[in-house]
Amino acid sequence: MYNLPDERGYFGEYGGRFVPETLMEPLLQLEEAYSKVKNDETFWQEFNRLLQEYVGRPTPLYYAVRLSEKLGFKVYLKREDLCHTGAHKINNCIGQALLAIRMGKSRIIAETGAGQHGVATATVASLLGLRCTIYMGEEDMARQKMNVFRMKLLGAEVVPVSSGSKTLKEAINSALRDWVTNIDDTHYLIGSVIGPHPYPMIVRDFQSVIGREARKQILEKEERLPDYVVACVGGGSNSIGIFYPFLNDDVRLIGVEGGGLGLETKKHSASISNSQIGVLHGCRMYLMQEEWGNIMNTYSISAGLDYPGVGPEHSYLKDIGRVRYEYATDDVALKGFRELSQLEGIIPALESAHAVGYLFVSDIPKDSIVIVNLSGRGDKDLDIVMREMNYE
Amino acid sequence: MNRIVDAFNKAKSNNRICFIPFCEFGYPSLEGFSKVINIICKYGDIVEVGIPFSDPIADGPIIQRASDIAIKNGANISKAFEWLYNFRKDNKSTPIVFMLYYNLIHYIGVKEFFKIARDMGLDGVIIPDLPIEESDNVYPYRDGVSVIWLASVTTSDKRLKKIVEKSDSFIYCVSVKGVTGPRDEISKDGLDLIRRIKKISPIPTALGFGLKSKEQIKSLTSLADGVIVGSEIVRIIEDSNDDELERYLEELKSATSML
Ligand SMILES: Cc1ncc(COP(=O)(O)O)c(C=O)c1O
């Protein structure tokens, strides 16, 4: 029976708690708080009520007729793009913010790449009356101006991060430095299944609502389980969220990483396909590095996939062969973006477009049933795609 | 490792506490570092050398910047070992401790890293992102090189006990909640941390993170066994000349006297 992480926070040889000593006590406190609410029905009632009434869950499982015709197999889209704020990120934010309140914290901080997690965190902070600071790389702030404005409108302070690559990796560094300084009143609301234990477990548990719903919905519609579940992988939260409830089933799971300009160019963010292992941001995982162990500056057309590591549970699922990890290049993702817009009237987030685009280059056999996790909507990416398509 | 223990004993018999200055390898330049470290070795009882890393999450702006510049200068762990090898040809007495993030050790391979470290004449390592819960990753492979564990103002007594059990030279006491960088005052919690360790063990303690002035150091001589000064030294290396660095180190060193 699959029951991970172990009590030290390891998924096989991945995970752990590689953090400054000062952060150990708040991590232990978080672990204890979470194990308390785990069996506390009032907590999950509140969580589920907000998911239903505020986020708009359950999200539909939509049979994409014209896309399926074109591909030759049946594609169902799990519509996380219809969540309030436009992506799956908010599921985790609601859960962690409720947890923060139980721990008596009055302030939450978060990192953001694309801005989706920042917006979701700022939203939940406003909903629950918590103070909120978001760290965002300067490069990403320039790429995602609308989301920066959104966060400010929601009442969050947005702190530009100007060190290193000025992207998600540095934003996490800055958030960790804030947390170590302000642990008394602050909860660090990590946005993906990365970081030190217990974060990868907590974020997975909050996101696995996606897979539980999808499993039930497909059984209702098809009276059987799907052959494939496909999701894009940045840090890995939307993918683990939909995979987790299928882990013990005879269902093939495929994670799609950001292939950027192609693996041979080194300009990509496909950490698992890259095969190096390392330790960053508190956990051991597949991690892209330079010679002698500095972390590589990665690249992807989508800010949300532009991260050098991947969650420890994915690292483990890769090694035991339970999940297959592939990648989609920028071009493949853009194809997915266009096709979904024109065939189904759904403009996906560039992250999710990697999963959709992958379908066009995959070896999935005719007549299969495939669920794709459509993790977010594409409004935030229109600027970038406009530039890519040379639209005046 | 023995050089570190000796340094604490020697300081004590001279009625001083240990002075442990920090500098960043490859900063201000690869050659500049070799010059700086020779000055620092004149004053330091133990010398802590930071190895640059792309993601120094425990460091404040001063050391972050030095680390970035050092990387641009081409510094890395391999070059640091090379430097140490040459340094040890002339200096067999100063205990040298590397401060480095765990991924740099992991990249080389833990076992291999400690073997090289011992062969090159390294005395200890401080790993700012490795708490005692992860000690199994390194503890069995030390090979005579000391792993210096950190304890912080937030560390509970229960975990402090585990840290003491695994310590073989001294304990690095983090005096503040936060990252490295000079501060004006020493927190009461920082002083309490040392008292809490003294209550359960005779292991030497050195206080670091935030120290910069001779007054602060003077006030610690009756309590701690050592003091670590980092960011302020890096700042002076950036802003001033060798004479001023030397004057500053001399001032701090004389403040370590218990008399
Ligand atoms: C819509 C969307 N999908 C996917 C991701 C990637 O993150 P994860 O792999 O944690 O789901 C992001 C991250 O910002 C996102 O905004």
# chains A, B, ... in the order shown; residues from 1 in each chain; ligands from 1
call {"tool": "residues_around", "arguments": {"residues": "Leu128 in chain A", "least_positions_apart": "2", "cutoff": "12 Å", "atoms": "only C-alpha atoms", "output": "ChimeraX atom specification"}}
result
/A:50,54,93-101,105-108,121-126,130-132,154
call {"tool": "select_by_dssp", "arguments": {"residues": "range 12-255 of chain A", "states": "helix (DSSP H, G or I)", "output": "ChimeraX atom specification"}}
result
/A:21-38,41-55,65-71,80-82,84-86,89-102,116-128,138-143,145-153,168-181,199-207,209-222,237-246
call {"tool": "closest_atom_pairs", "arguments": {"of": "range 222-257 of chain B", "to": "range 19-35 of chain B", "cutoff": "6 Å", "atoms": "only C-alpha atoms", "output": "Markdown table"}}
result
| residue | atom | partner | partner_atom | distance |
| --- | --- | --- | --- | --- |
| B:Gly226 | CA | B:Phe19 | CA | 5.8 |
| B:Val227 | CA | B:Phe19 | CA | 5.5 |
| B:Ile228 | CA | B:Ile20 | CA | 4.6 |
| B:Val229 | CA | B:Pro21 | CA | 5.0 |
| B:Gly230 | CA | B:Phe22 | CA | 4.6 |
call {"tool": "closest_atom_pairs", "arguments": {"of": "chain A", "to": "ligand 1", "cutoff": "9 Å", "atoms": "only C-alpha atoms and all ligand atoms", "output": "JSON lines"}}
result
{"residue": "A:Glu80", "atom": "CA", "partner": "ligand 1", "partner_atom_place_in_ligand_line": "1 (C)", "distance": 8.3}
{"residue": "A:Asp81", "atom": "CA", "partner": "ligand 1", "partner_atom_place_in_ligand_line": "1 (C)", "distance": 7.3}
{"residue": "A:Gly86", "atom": "CA", "partner": "ligand 1", "partner_atom_place_in_ligand_line": "1 (C)", "distance": 7.4}
{"residue": "A:Ala87", "atom": "CA", "partner": "ligand 1", "partner_atom_place_in_ligand_line": "1 (C)", "distance": 5.0}
{"residue": "A:His88", "atom": "CA", "partner": "ligand 1", "partner_atom_place_in_ligand_line": "1 (C)", "distance": 6.7}
{"residue": "A:Lys89", "atom": "CA", "partner": "ligand 1", "partner_atom_place_in_ligand_line": "16 (O)", "distance": 6.9}
{"residue": "A:Thr112", "atom": "CA", "partner": "ligand 1", "partner_atom_place_in_ligand_line": "14 (O)", "distance": 7.0}
{"residue": "A:Gly113", "atom": "CA", "partner": "ligand 1", "partner_atom_place_in_ligand_line": "14 (O)", "distance": 5.8}
{"residue": "A:Ala114", "atom": "CA", "partner": "ligand 1", "partner_atom_place_in_ligand_line": "14 (O)", "distance": 5.0}
{"residue": "A:Gly115", "atom": "CA", "partner": "ligand 1", "partner_atom_place_in_ligand_line": "14 (O)", "distance": 6.6}
{"residue": "A:Gln116", "atom": "CA", "partner": "ligand 1", "partner_atom_place_in_ligand_line": "16 (O)", "distance": 4.8}
{"residue": "A:His117", "atom": "CA", "partner": "ligand 1", "partner_atom_place_in_ligand_line": "14 (O)", "distance": 5.9}
{"residue": "A:Gly118", "atom": "CA", "partner": "ligand 1", "partner_atom_place_in_ligand_line": "14 (O)", "distance": 8.8}
{"residue": "A:Gly191", "atom": "CA", "partner": "ligand 1", "partner_atom_place_in_ligand_line": "10 (O)", "distance": 6.6}
{"residue": "A:Ser192", "atom": "CA", "partner": "ligand 1", "partner_atom_place_in_ligand_line": "10 (O)", "distance": 4.2}
{"residue": "A:Val193", "atom": "CA", "partner": "ligand 1", "partner_atom_place_in_ligand_line": "10 (O)", "distance": 6.3}
{"residue": "A:Ile194", "atom": "CA", "partner": "ligand 1", "partner_atom_place_in_ligand_line": "10 (O)", "distance": 8.3}
{"residue": "A:Ala231", "atom": "CA", "partner": "ligand 1", "partner_atom_place_in_ligand_line": "11 (O)", "distance": 8.3}
{"residue": "A:Cys232", "atom": "CA", "partner": "ligand 1", "partner_atom_place_in_ligand_line": "9 (O)", "distance": 6.3}
{"residue": "A:Val233", "atom": "CA", "partner": "ligand 1", "partner_atom_place_in_ligand_line": "9 (O)", "distance": 4.0}
{"residue": "A:Gly234", "atom": "CA", "partner": "ligand 1", "partner_atom_place_in_ligand_line": "9 (O)", "distance": 3.4}
{"residue": "A:Gly235", "atom": "CA", "partner": "ligand 1", "partner_atom_place_in_ligand_line": "9 (O)", "distance": 4.1}
{"residue": "A:Gly236", "atom": "CA", "partner": "ligand 1", "partner_atom_place_in_ligand_line": "9 (O)", "distance": 3.2}
{"residue": "A:Ser237", "atom": "CA", "partner": "ligand 1", "partner_atom_place_in_ligand_line": "10 (O)", "distance": 3.5}
{"residue": "A:Asn238", "atom": "CA", "partner": "ligand 1", "partner_atom_place_in_ligand_line": "11 (O)", "distance": 3.7}
{"residue": "A:Ser239", "atom": "CA", "partner": "ligand 1", "partner_atom_place_in_ligand_line": "11 (O)", "distance": 5.9}
{"residue": "A:Ile240", "atom": "CA", "partner": "ligand 1", "partner_atom_place_in_ligand_line": "11 (O)", "distance": 7.9}
{"residue": "A:Gly241", "atom": "CA", "partner": "ligand 1", "partner_atom_place_in_ligand_line": "11 (O)", "distance": 8.3}
{"residue": "A:Glu257", "atom": "CA", "partner": "ligand 1", "partner_atom_place_in_ligand_line": "9 (O)", "distance": 8.6}
{"residue": "A:Ser302", "atom": "CA", "partner": "ligand 1", "partner_atom_place_in_ligand_line": "14 (O)", "distance": 8.3}
{"residue": "A:Ala303", "atom": "CA", "partner": "ligand 1", "partner_atom_place_in_ligand_line": "14 (O)", "distance": 6.7}
{"residue": "A:Gly304", "atom": "CA", "partner": "ligand 1", "partner_atom_place_in_ligand_line": "14 (O)", "distance": 3.5}
{"residue": "A:Leu305", "atom": "CA", "partner": "ligand 1", "partner_atom_place_in_ligand_line": "6 (C)", "distance": 5.2}
{"residue": "A:Asp306", "atom": "CA", "partner": "ligand 1", "partner_atom_place_in_ligand_line": "6 (C)", "distance": 8.5}
{"residue": "A:Val310", "atom": "CA", "partner": "ligand 1", "partner_atom_place_in_ligand_line": "9 (O)", "distance": 7.9}
{"residue": "A:Gly311", "atom": "CA", "partner": "ligand 1", "partner_atom_place_in_ligand_line": "10 (O)", "distance": 8.4}
{"residue": "A:Pro348", "atom": "CA", "partner": "ligand 1", "partner_atom_place_in_ligand_line": "1 (C)", "distance": 8.0}
{"residue": "A:Ala349", "atom": "CA", "partner": "ligand 1", "partner_atom_place_in_ligand_line": "1 (C)", "distance": 5.3}
{"residue": "A:Leu350", "atom": "CA", "partner": "ligand 1", "partner_atom_place_in_ligand_line": "1 (C)", "distance": 7.3}
{"residue": "A:Glu351", "atom": "CA", "partner": "ligand 1", "partner_atom_place_in_ligand_line": "3 (N)", "distance": 4.8}
{"residue": "A:Ser352", "atom": "CA", "partner": "ligand 1", "partner_atom_place_in_ligand_line": "3 (N)", "distance": 5.4}
{"residue": "A:Ala353", "atom": "CA", "partner": "ligand 1", "partner_atom_place_in_ligand_line": "3 (N)", "distance": 8.9}
{"residue": "A:Asn373", "atom": "CA", "partner": "ligand 1", "partner_atom_place_in_ligand_line": "3 (N)", "distance": 9.0}
{"residue": "A:Leu374", "atom": "CA", "partner": "ligand 1", "partner_atom_place_in_ligand_line": "3 (N)", "distance": 7.7}
{"residue": "A:Ser375", "atom": "CA", "partner": "ligand 1", "partner_atom_place_in_ligand_line": "3 (N)", "distance": 4.6}
{"residue": "A:Gly376", "atom": "CA", "partner": "ligand 1", "partner_atom_place_in_ligand_line": "1 (C)", "distance": 3.6}
{"residue": "A:Arg377", "atom": "CA", "partner": "ligand 1", "partner_atom_place_in_ligand_line": "1 (C)", "distance": 6.5}
{"residue": "A:Gly378", "atom": "CA", "partner": "ligand 1", "partner_atom_place_in_ligand_line": "1 (C)", "distance": 7.9}
call {"tool": "interface_residues", "arguments": {"of": "chain B", "to": "chain A", "cutoff": "6 Å", "atoms": "only C-alpha atoms", "output": "list in words"}}
result
Phe53, Ser54, Ile57, Asn103, Leu104, Tyr107, Pro128, Asp129, Leu130, Pro131, Ser152, Thr154, Lys177 and Gly178 of chain B
call {"tool": "residues_around", "arguments": {"residues": "Thr133 in chain A", "least_positions_apart": "2", "cutoff": "7 Å", "atoms": "only C-alpha atoms", "output": "MDAnalysis selection string"}}
result
chainID A and resid 108:110 135 156:158
call {"tool": "atom_distance", "arguments": {"atom1": "CA of Ala11 in chain B", "atom2": "CA of Ala80 in chain B"}}
result
27.2 Å
call {"tool": "closest_atom_pairs", "arguments": {"of": "range 199-239 of chain B", "to": "range 3-6 of chain B", "cutoff": "12 Å", "atoms": "only C-alpha atoms", "output": "JSON lines"}}
result
{"residue": "B:Ile203", "atom": "CA", "partner": "B:Val5", "partner_atom": "CA", "distance": 9.9}
{"residue": "B:Pro204", "atom": "CA", "partner": "B:Val5", "partner_atom": "CA", "distance": 8.8}
{"residue": "B:Thr205", "atom": "CA", "partner": "B:Val5", "partner_atom": "CA", "distance": 11.5}
{"residue": "B:Ala206", "atom": "CA", "partner": "B:Ile4", "partner_atom": "CA", "distance": 11.9}
{"residue": "B:Asp225", "atom": "CA", "partner": "B:Val5", "partner_atom": "CA", "distance": 11.4}
{"residue": "B:Gly226", "atom": "CA", "partner": "B:Ile4", "partner_atom": "CA", "distance": 11.4}
call {"tool": "atom_distance", "arguments": {"atom1": "CA of Ala171 in chain A", "atom2": "CA of Glu111 in chain A"}}
result
5.3 Å
call {"tool": "atom_distance", "arguments": {"atom1": "CA of Leu334 in chain A", "atom2": "CA of Glu138 in chain A"}}
result
24.3 Å
call {"tool": "residues_around", "arguments": {"residues": "range 58-74 of chain A", "least_positions_apart": "5", "cutoff": "9 Å", "atoms": "only C-alpha atoms", "output": "PyMOL selection string"}}
result
chain A and resi 51-52+79-83+209-210+213-214+217-218+339-340+343-344+359-360+364-371
